[in-house]
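Colleague: Take a look at model_22.pdb, PDB, C-alpha atoms, pLDDT in the B column:
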ATOM      1  CA  LEU A   1     -16.407  10.253 -11.786  1.00 44.00           C
ATOM      2  CA  MET A   2     -12.851   8.984 -11.408  1.00 47.00           C
ATOM      3  CA  ARG A   3     -12.908   7.506 -14.899  1.00 50.00           C
ATOM      4  CA  LEU A   4     -13.805  10.883 -16.344  1.00 50.00           C
ATOM      5  CA  GLY A   5     -10.402  12.164 -15.333  1.00 51.00           C
ATOM      6  CA  ALA A   6     -12.034  15.232 -13.778  1.00 49.00           C
ATOM      7  CA  ALA A   7     -10.238  16.881 -10.883  1.00 53.00           C
ATOM      8  CA  ASP A   8     -13.376  18.469  -9.395  1.00 55.00           C
ATOM      9  CA  VAL A   9     -15.149  16.958  -6.415  1.00 55.00           C
ATOM     10  CA  ILE A  10     -18.781  17.653  -5.617  1.00 54.00           C
ATOM     11  CA  ILE A  11     -18.786  18.286  -1.877  1.00 52.00           C
ATOM     12  CA  ASP A  12     -22.302  19.630  -1.352  1.00 56.00           C
ATOM     13  CA  PHE A  13     -24.979  18.001  -3.475  1.00 55.00           C
ATOM     14  CA  GLY A  14     -27.768  19.885  -1.770  1.00 59.00           C
ATOM     15  CA  CYS A  15     -30.887  18.387  -0.346  1.00 60.00           C
ATOM     16  CA  ASN A  16     -32.819  18.326  -3.638  1.00 67.00           C
ATOM     17  CA  LEU A  17     -30.465  15.996  -5.525  1.00 66.00           C
ATOM     18  CA  THR A  18     -32.065  14.160  -8.420  1.00 73.00           C
ATOM     19  CA  ALA A  19     -30.651  12.028 -11.205  1.00 70.00           C
ATOM     20  CA  SER A  20     -30.997  14.882 -13.696  1.00 76.00           C
ATOM     21  CA  VAL A  21     -29.240  17.357 -11.365  1.00 73.00           C
ATOM     22  CA  LEU A  22     -26.380  14.923 -10.762  1.00 71.00           C
ATOM     23  CA  SER A  23     -26.089  14.266 -14.494  1.00 74.00           C
ATOM     24  CA  HIS A  24     -25.935  17.999 -15.163  1.00 74.00           C
ATOM     25  CA  LYS A  25     -23.216  18.516 -12.526  1.00 72.00           C
ATOM     26  CA  VAL A  26     -21.131  15.684 -13.955  1.00 73.00           C
ATOM     27  CA  CYS A  27     -21.477  17.098 -17.484  1.00 76.00           C
ATOM     28  CA  VAL A  28     -20.337  20.513 -16.263  1.00 78.00           C
ATOM     29  CA  MET A  29     -17.351  18.942 -14.495  1.00 75.00           C
ATOM     30  CA  TYR A  30     -16.357  16.983 -17.577  1.00 75.00           C
ATOM     31  CA  THR A  31     -16.704  20.041 -19.830  1.00 81.00           C
ATOM     32  CA  LYS A  32     -14.445  22.045 -17.521  1.00 80.00           C
ATOM     33  CA  PHE A  33     -11.929  19.186 -17.478  1.00 77.00           C
ATOM     34  CA  CYS A  34     -11.842  19.000 -21.287  1.00 80.00           C
ATOM     35  CA  ALA A  35     -11.367  22.766 -21.501  1.00 83.00           C
ATOM     36  CA  HIS A  36      -8.461  22.643 -19.027  1.00 82.00           C
ATOM     37  CA  ALA A  37      -6.850  19.710 -20.827  1.00 81.00           C
ATOM     38  CA  SER A  38      -7.188  21.458 -24.187  1.00 83.00           C
ATOM     39  CA  ARG A  39      -5.627  24.615 -22.764  1.00 83.00           C
ATOM     40  CA  VAL A  40      -2.654  22.695 -21.348  1.00 79.00           C
ATOM     41  CA  GLU A  41      -2.100  20.840 -24.625  1.00 79.00           C
ATOM     42  CA  SER A  42      -2.178  24.131 -26.502  1.00 81.00           C
ATOM     43  CA  MET A  43       0.380  25.638 -24.117  1.00 77.00           C
ATOM     44  CA  LEU A  44       2.709  22.663 -24.522  1.00 72.00           C
ATOM     45  CA  GLU A  45       2.466  22.820 -28.307  1.00 74.00           C
ATOM     46  CA  THR A  46       3.267  26.532 -28.240  1.00 74.00           C
ATOM     47  CA  GLU A  47       6.327  25.971 -26.087  1.00 69.00           C
ATOM     48  CA  GLY A  48       7.585  23.286 -28.445  1.00 63.00           C
ATOM     49  CA  TRP A  49       9.066  21.277 -25.576  1.00 62.00           C
ATOM     50  CA  TYR A  50       9.747  17.639 -26.303  1.00 70.00           C
ATOM     51  CA  VAL A  51      12.105  14.841 -25.302  1.00 74.00           C
ATOM     52  CA  THR A  52      14.469  13.555 -27.949  1.00 81.00           C
ATOM     53  CA  GLU A  53      14.877   9.829 -28.467  1.00 84.00           C
ATOM     54  CA  GLU A  54      18.536  10.095 -27.407  1.00 88.00           C
ATOM     55  CA  LYS A  55      17.588  11.813 -24.136  1.00 86.00           C
ATOM     56  CA  LEU A  56      14.867   9.269 -23.452  1.00 85.00           C
ATOM     57  CA  LYS A  57      17.338   6.437 -24.044  1.00 89.00           C
ATOM     58  CA  GLU A  58      19.812   8.079 -21.659  1.00 91.00           C
ATOM     59  CA  VAL A  59      17.186   8.425 -18.908  1.00 89.00           C
ATOM     60  CA  ARG A  60      16.105   4.795 -19.330  1.00 88.00           C
ATOM     61  CA  SER A  61      19.719   3.680 -19.100  1.00 91.00           C
ATOM     62  CA  GLN A  62      20.237   5.670 -15.888  1.00 91.00           C
ATOM     63  CA  TYR A  63      17.051   4.264 -14.368  1.00 91.00           C
ATOM     64  CA  TYR A  64      18.011   0.699 -15.331  1.00 90.00           C
ATOM     65  CA  LYS A  65      21.431   1.127 -13.694  1.00 90.00           C
ATOM     66  CA  ALA A  66      19.898   2.607 -10.538  1.00 91.00           C
ATOM     67  CA  LEU A  67      17.308  -0.188 -10.235  1.00 90.00           C
ATOM     68  CA  TRP A  68      19.431  -3.201 -11.147  1.00 91.00           C
ATOM     69  CA  VAL A  69      22.958  -2.168 -10.108  1.00 90.00           C
ATOM     70  CA  ASP A  70      23.127   0.689  -7.596  1.00 91.00           C
ATOM     71  CA  VAL A  71      20.165  -0.196  -5.327  1.00 90.00           C
ATOM     72  CA  PRO A  72      21.005  -3.924  -5.015  1.00 90.00           C
ATOM     73  CA  HIS A  73      24.675  -3.120  -4.416  1.00 89.00           C
ATOM     74  CA  LEU A  74      23.889  -0.708  -1.584  1.00 89.00           C
ATOM     75  CA  LEU A  75      20.802  -2.261   0.008  1.00 89.00           C
ATOM     76  CA  MET A  76      20.630  -5.916  -1.058  1.00 90.00           C
ATOM     77  CA  PRO A  77      23.987  -7.586  -0.365  1.00 89.00           C
ATOM     78  CA  ARG A  78      22.850 -11.081  -1.401  1.00 90.00           C
ATOM     79  CA  PHE A  79      21.214 -10.003  -4.640  1.00 92.00           C
ATOM     80  CA  PRO A  80      23.221 -11.525  -7.520  1.00 93.00           C
ATOM     81  CA  THR A  81      24.853  -9.237 -10.066  1.00 92.00           C
ATOM     82  CA  LEU A  82      23.794  -9.456 -13.692  1.00 91.00           C
ATOM     83  CA  ASN A  83      25.207 -12.484 -15.475  1.00 93.00           C
ATOM     84  CA  PRO A  84      25.279 -11.510 -19.174  1.00 92.00           C
ATOM     85  CA  ARG A  85      26.183 -15.085 -20.134  1.00 94.00           C
ATOM     86  CA  LEU A  86      23.262 -16.703 -18.340  1.00 94.00           C
ATOM     87  CA  VAL A  87      21.350 -18.943 -20.744  1.00 93.00           C
ATOM     88  CA  GLU A  88      17.703 -17.838 -20.941  1.00 94.00           C
ATOM     89  CA  THR A  89      15.605 -19.623 -23.546  1.00 93.00           C
ATOM     90  CA  SER A  90      12.017 -20.851 -23.722  1.00 89.00           C
ATOM     91  CA  ASP A  91      13.030 -24.271 -22.382  1.00 91.00           C
ATOM     92  CA  ARG A  92      16.189 -23.590 -20.423  1.00 92.00           C
ATOM     93  CA  VAL A  93      17.592 -21.385 -17.647  1.00 93.00           C
ATOM     94  CA  ASP A  94      21.298 -21.741 -16.941  1.00 93.00           C
ATOM     95  CA  LYS A  95      21.993 -25.451 -16.354  1.00 91.00           C
ATOM     96  CA  TYR A  96      18.316 -26.308 -15.843  1.00 92.00           C
ATOM     97  CA  PHE A  97      16.191 -27.748 -18.650  1.00 92.00           C
ATOM     98  CA  GLN A  98      12.411 -27.325 -18.626  1.00 91.00           C
ATOM     99  CA  HIS A  99      10.513 -30.543 -18.020  1.00 88.00           C
ATOM    100  CA  HIS A 100       6.942 -29.492 -17.266  1.00 88.00           C
ATOM    101  CA  VAL A 101       5.211 -26.094 -17.132  1.00 91.00           C
ATOM    102  CA  LEU A 102       3.135 -25.651 -13.967  1.00 88.00           C
ATOM    103  CA  LYS A 103       1.859 -22.096 -14.478  1.00 88.00           C
ATOM    104  CA  GLU A 104       2.411 -19.368 -17.036  1.00 88.00           C
ATOM    105  CA  SER A 105       1.233 -15.774 -17.519  1.00 86.00           C
ATOM    106  CA  SER A 106       2.467 -12.811 -19.534  1.00 83.00           C
ATOM    107  CA  ASN A 107       5.317 -11.997 -17.123  1.00 85.00           C
ATOM    108  CA  VAL A 108       5.727 -15.052 -14.870  1.00 91.00           C
ATOM    109  CA  LYS A 109       6.449 -18.676 -15.643  1.00 93.00           C
ATOM    110  CA  VAL A 110       6.690 -21.528 -13.134  1.00 92.00           C
ATOM    111  CA  PHE A 111       8.034 -24.834 -14.331  1.00 92.00           C
ATOM    112  CA  GLU A 112       9.627 -28.061 -13.206  1.00 91.00           C
ATOM    113  CA  ALA A 113      13.152 -28.462 -14.512  1.00 92.00           C
ATOM    114  CA  LYS A 114      15.945 -30.984 -14.483  1.00 90.00           C
ATOM    115  CA  GLY A 115      19.529 -30.143 -13.687  1.00 82.00           C
ATOM    116  CA  GLU A 116      22.638 -31.675 -15.144  1.00 75.00           C
ATOM    117  CA  ALA A 117      21.982 -34.761 -13.053  1.00 70.00           C
ATOM    118  CA  GLU A 118      18.820 -36.449 -14.322  1.00 65.00           C
ATOM    119  CA  ASP A 119      17.551 -37.199 -10.813  1.00 72.00           C
ATOM    120  CA  ASN A 120      17.925 -33.567  -9.718  1.00 79.00           C
ATOM    121  CA  THR A 121      14.629 -31.799 -10.321  1.00 88.00           C
ATOM    122  CA  VAL A 122      13.825 -28.261  -9.208  1.00 91.00           C
ATOM    123  CA  ILE A 123      11.013 -25.739  -9.507  1.00 92.00           C
ATOM    124  CA  ILE A 124      11.901 -22.467 -11.234  1.00 94.00           C
ATOM    125  CA  ARG A 125       9.882 -19.272 -11.157  1.00 94.00           C
ATOM    126  CA  THR A 126      10.930 -16.868 -13.882  1.00 95.00           C
ATOM    127  CA  THR A 127       9.820 -13.241 -13.770  1.00 93.00           C
ATOM    128  CA  LYS A 128      10.535 -10.895 -16.663  1.00 93.00           C
ATOM    129  CA  LYS A 129      12.579  -7.856 -15.687  1.00 91.00           C
ATOM    130  CA  THR A 130      10.066  -5.622 -17.439  1.00 88.00           C
ATOM    131  CA  ASP A 131       7.687  -6.519 -14.597  1.00 85.00           C
ATOM    132  CA  PHE A 132       9.943  -4.685 -12.129  1.00 87.00           C
ATOM    133  CA  THR A 133       9.497  -0.933 -12.393  1.00 85.00           C
ATOM    134  CA  THR A 134      10.033   0.131  -8.779  1.00 88.00           C
ATOM    135  CA  VAL A 135      12.485  -0.573  -5.979  1.00 88.00           C
ATOM    136  CA  LYS A 136       9.587  -1.877  -3.893  1.00 89.00           C
ATOM    137  CA  ALA A 137       8.835  -4.608  -6.435  1.00 89.00           C
ATOM    138  CA  LEU A 138      12.492  -5.604  -6.475  1.00 90.00           C
ATOM    139  CA  GLU A 139      12.565  -5.620  -2.672  1.00 91.00           C
ATOM    140  CA  HIS A 140       9.639  -8.065  -2.537  1.00 91.00           C
ATOM    141  CA  ILE A 141      11.467 -10.746  -4.491  1.00 91.00           C
ATOM    142  CA  TYR A 142      14.699 -10.096  -2.584  1.00 92.00           C
ATOM    143  CA  ARG A 143      12.915 -10.523   0.760  1.00 92.00           C
ATOM    144  CA  GLU A 144      11.329 -13.755  -0.453  1.00 92.00           C
ATOM    145  CA  PHE A 145      14.728 -15.045  -1.545  1.00 92.00           C
ATOM    146  CA  ALA A 146      16.374 -14.030   1.743  1.00 91.00           C
ATOM    147  CA  PHE A 147      13.705 -15.714   3.874  1.00 90.00           C
ATOM    148  CA  LEU A 148      13.367 -18.923   1.844  1.00 90.00           C
ATOM    149  CA  SER A 149      17.091 -19.413   1.333  1.00 89.00           C
ATOM    150  CA  GLN A 150      18.467 -18.535   4.739  1.00 84.00           C
ATOM    151  CA  LYS A 151      16.076 -17.408   7.474  1.00 81.00           C
ATOM    152  CA  LEU A 152      13.374 -20.107   7.318  1.00 79.00           C
ATOM    153  CA  ALA A 153      14.163 -23.762   7.871  1.00 77.00           C
ATOM    154  CA  HIS A 154      11.068 -25.946   8.114  1.00 76.00           C
ATOM    155  CA  PRO A 155      10.319 -29.384   6.643  1.00 74.00           C
ATOM    156  CA  HIS A 156       6.997 -28.144   5.213  1.00 73.00           C
ATOM    157  CA  ILE A 157       8.399 -24.989   3.570  1.00 80.00           C
ATOM    158  CA  ILE A 158      10.354 -25.386   0.363  1.00 85.00           C
ATOM    159  CA  LYS A 159      13.792 -23.837   0.252  1.00 89.00           C
ATOM    160  CA  CYS A 160      15.022 -21.427  -2.400  1.00 91.00           C
ATOM    161  CA  ALA A 161      18.332 -22.844  -3.598  1.00 90.00           C
ATOM    162  CA  GLU A 162      19.524 -19.895  -5.646  1.00 92.00           C
ATOM    163  CA  LEU A 163      18.557 -16.660  -7.375  1.00 94.00           C
ATOM    164  CA  LEU A 164      19.700 -16.144 -10.964  1.00 95.00           C
ATOM    165  CA  HIS A 165      19.921 -12.713 -12.581  1.00 95.00           C
ATOM    166  CA  GLY A 166      19.979 -12.596 -16.369  1.00 94.00           C
ATOM    167  CA  ARG A 167      19.409  -9.986 -19.045  1.00 93.00           C
ATOM    168  CA  GLN A 168      15.787 -11.016 -19.537  1.00 93.00           C
ATOM    169  CA  GLY A 169      14.578 -12.108 -16.136  1.00 94.00           C
ATOM    170  CA  ILE A 170      14.982 -12.988 -12.474  1.00 95.00           C
ATOM    171  CA  HIS A 171      14.882 -16.730 -11.822  1.00 96.00           C
ATOM    172  CA  MET A 172      14.207 -18.244  -8.401  1.00 95.00           C
ATOM    173  CA  VAL A 173      15.258 -21.882  -8.124  1.00 94.00           C
ATOM    174  CA  PHE A 174      13.342 -23.876  -5.497  1.00 92.00           C
ATOM    175  CA  GLU A 175      13.856 -27.394  -4.268  1.00 89.00           C
ATOM    176  CA  ASN A 176      11.256 -29.802  -5.603  1.00 86.00           C
ATOM    177  CA  ILE A 177       9.461 -31.692  -2.849  1.00 78.00           C
ATOM    178  CA  PRO A 178       7.245 -34.553  -4.067  1.00 71.00           C
ATOM    179  CA  GLY A 179       3.639 -34.794  -2.956  1.00 69.00           C
ATOM    180  CA  GLY A 180       2.123 -31.666  -4.450  1.00 66.00           C
ATOM    181  CA  SER A 181       1.203 -28.344  -2.913  1.00 69.00           C
ATOM    182  CA  LEU A 182      -0.641 -27.678   0.336  1.00 72.00           C
ATOM    183  CA  SER A 183      -3.590 -26.200  -1.564  1.00 74.00           C
ATOM    184  CA  SER A 184      -3.999 -29.373  -3.632  1.00 75.00           C
ATOM    185  CA  LYS A 185      -3.883 -31.504  -0.475  1.00 78.00           C
ATOM    186  CA  VAL A 186      -6.544 -29.390   1.219  1.00 80.00           C
ATOM    187  CA  ALA A 187      -8.746 -29.430  -1.902  1.00 80.00           C
ATOM    188  CA  ALA A 188      -8.670 -33.236  -1.878  1.00 80.00           C
ATOM    189  CA  GLN A 189     -10.001 -33.423   1.695  1.00 79.00           C
ATOM    190  CA  VAL A 190     -13.679 -33.840   2.546  1.00 78.00           C
ATOM    191  CA  GLY A 191     -15.066 -30.349   3.076  1.00 80.00           C
ATOM    192  CA  GLN A 192     -11.719 -29.007   1.855  1.00 79.00           C
ATOM    193  CA  ARG A 193     -10.227 -29.009   5.334  1.00 81.00           C
ATOM    194  CA  PHE A 194      -7.872 -31.201   7.355  1.00 79.00           C
ATOM    195  CA  PRO A 195      -8.976 -32.925  10.560  1.00 80.00           C
ATOM    196  CA  ILE A 196      -7.751 -30.911  13.569  1.00 79.00           C
ATOM    197  CA  PRO A 197      -5.088 -33.483  14.643  1.00 79.00           C
ATOM    198  CA  VAL A 198      -3.595 -33.479  11.120  1.00 75.00           C
ATOM    199  CA  ALA A 199      -3.719 -29.708  10.854  1.00 73.00           C
ATOM    200  CA  MET A 200      -2.000 -29.328  14.213  1.00 70.00           C
TER     201      MET A 200
END
Will you turn the file into structure tokens for me?
Modeller:
Amino acid sequence: LMRLGAADVIIDFGCNLTASVLSHKVCVMYTKFCAHASRVESMLETEGWYVTEEKLKEVRSQYYKALWVDVPHLLMPRFPTLNPRLVETSDRVDKYFQHHVLKESSNVKVFEAKGEAEDNTVIIRTTKKTDFTTVKALEHIYREFAFLSQKLAHPHIIKCAELLHGRQGIHMVFENIPGGSLSSKVAAQVGQRFPIPVAM
């Protein structure tokens, strides 16, 4: 019913509900929904109300400024300001050069990279800014940065060295600890679990 887009809810089916009765009720609901939608579309066309491309561009600009400038400035003191000169290419972020891709999706890329010093390797997680549409989403990555860079200090938890803010994306730079991830270690164990003394 939800996929029909209908706003009606059948509260009382009655005691004699059958498949044909339910099908009939759903058809009636959908017909009413289509009629309402058609009426609203007709009203909007009659009014001739529309948003110009210039107005839409202005609103997007205001929203971008609120999300990426105003909110971080007021609520996220350690969030870096936009660096328009930050290098962001398919194989490089700032001073880090991509060495090996670990994971990649449409909006997120995790890769091992080398810094200016050849022996300095880091893990970088790049998230496209188009993936952030709400303050809540931005807050999640800020909290992760705050905890992993300052609040948590544990030998088994990797540290976030820095957060880079470019035109295209947000880049979290993590220290690279050899030995693989915890999940890979567990998967290699018999029964996919550590012995209790090791786990403790």
Colleague: Take the PyMOL selection byres ((chain A and resi 135) around 12), run it mentally on this structure, and tell me the resulting residues as an NGL selection string.
Modeller: :A and (63-72 or 75-76 or 131-134 or 136-142)
Colleague: I need the chosen residues saved as a PDB file, in the coordinates of the input, with C-alpha atoms.
Modeller:
ATOM      1  CA  TYR A  63      17.051   4.264 -14.368  1.00 91.00           C
ATOM      2  CA  TYR A  64      18.011   0.699 -15.331  1.00 90.00           C
ATOM      3  CA  LYS A  65      21.431   1.127 -13.694  1.00 90.00           C
ATOM      4  CA  ALA A  66      19.898   2.607 -10.538  1.00 91.00           C
ATOM      5  CA  LEU A  67      17.308  -0.188 -10.235  1.00 90.00           C
ATOM      6  CA  TRP A  68      19.431  -3.201 -11.147  1.00 91.00           C
ATOM      7  CA  VAL A  69      22.958  -2.168 -10.108  1.00 90.00           C
ATOM      8  CA  ASP A  70      23.127   0.689  -7.596  1.00 91.00           C
ATOM      9  CA  VAL A  71      20.165  -0.196  -5.327  1.00 90.00           C
ATOM     10  CA  PRO A  72      21.005  -3.924  -5.015  1.00 90.00           C
ATOM     11  CA  LEU A  75      20.802  -2.261   0.008  1.00 89.00           C
ATOM     12  CA  MET A  76      20.630  -5.916  -1.058  1.00 90.00           C
ATOM     13  CA  ASP A 131       7.687  -6.519 -14.597  1.00 85.00           C
ATOM     14  CA  PHE A 132       9.943  -4.685 -12.129  1.00 87.00           C
ATOM     15  CA  THR A 133       9.497  -0.933 -12.393  1.00 85.00           C
ATOM     16  CA  THR A 134      10.033   0.131  -8.779  1.00 88.00           C
ATOM     17  CA  LYS A 136       9.587  -1.877  -3.893  1.00 89.00           C
ATOM     18  CA  ALA A 137       8.835  -4.608  -6.435  1.00 89.00           C
ATOM     19  CA  LEU A 138      12.492  -5.604  -6.475  1.00 90.00           C
ATOM     20  CA  GLU A 139      12.565  -5.620  -2.672  1.00 91.00           C
ATOM     21  CA  HIS A 140       9.639  -8.065  -2.537  1.00 91.00           C
ATOM     22  CA  ILE A 141      11.467 -10.746  -4.491  1.00 91.00           C
ATOM     23  CA  TYR A 142      14.699 -10.096  -2.584  1.00 92.00           C
TER      24      TYR A 142
END
Colleague: When you count only C-alpha atoms, which of these residues is closest to Ser90 of chain A: A:Val110, A:Cys27, A:Ile196, A:Leu44?
Modeller: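 Answer, going by the shortest atom-to-atom distance: A:Val110.
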Colleague: Just checking: using all atoms listed in the file, which residue out of A:Ser20, A:Val122, A:Thr46, A:Pro77 ends up closest to Arg143 of chain A?
Modeller: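 Comparing A:Ser20, A:Val122, A:Thr46, A:Pro77 against Arg143 of chain A, the winner is A:Pro77.
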Colleague: Once you count only C-alpha atoms, what closest atom pair and distance in Å to one decimal does each residue of segment 119-179 of chain A within 10 Å of segment 96-101 of chain A have, with rows by chain and rising residue number, as CSV?
Modeller:
residue,atom,partner,partner_atom,distance
A:Asn120,CA,A:Tyr96,CA,9.5
A:Thr121,CA,A:Tyr96,CA,8.6
A:Val122,CA,A:Tyr96,CA,8.2
A:Ile123,CA,A:Gln98,CA,9.4
A:Ile124,CA,A:Tyr96,CA,8.8
A:Val173,CA,A:Tyr96,CA,9.4
Colleague: Between atom CA of Ile170 of chain A and atom CA of Pro155 of chain A, what distance in Å does the model show, to one decimal?
Modeller: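 Straight-line distance from atom CA of Ile170 of chain A to atom CA of Pro155 of chain A works out to 25.6 Å.
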Colleague: Do you have the atom CA of Glu112 of chain A-atom CA of Lys129 of chain A distance handy?
Modeller: 20.6 Å
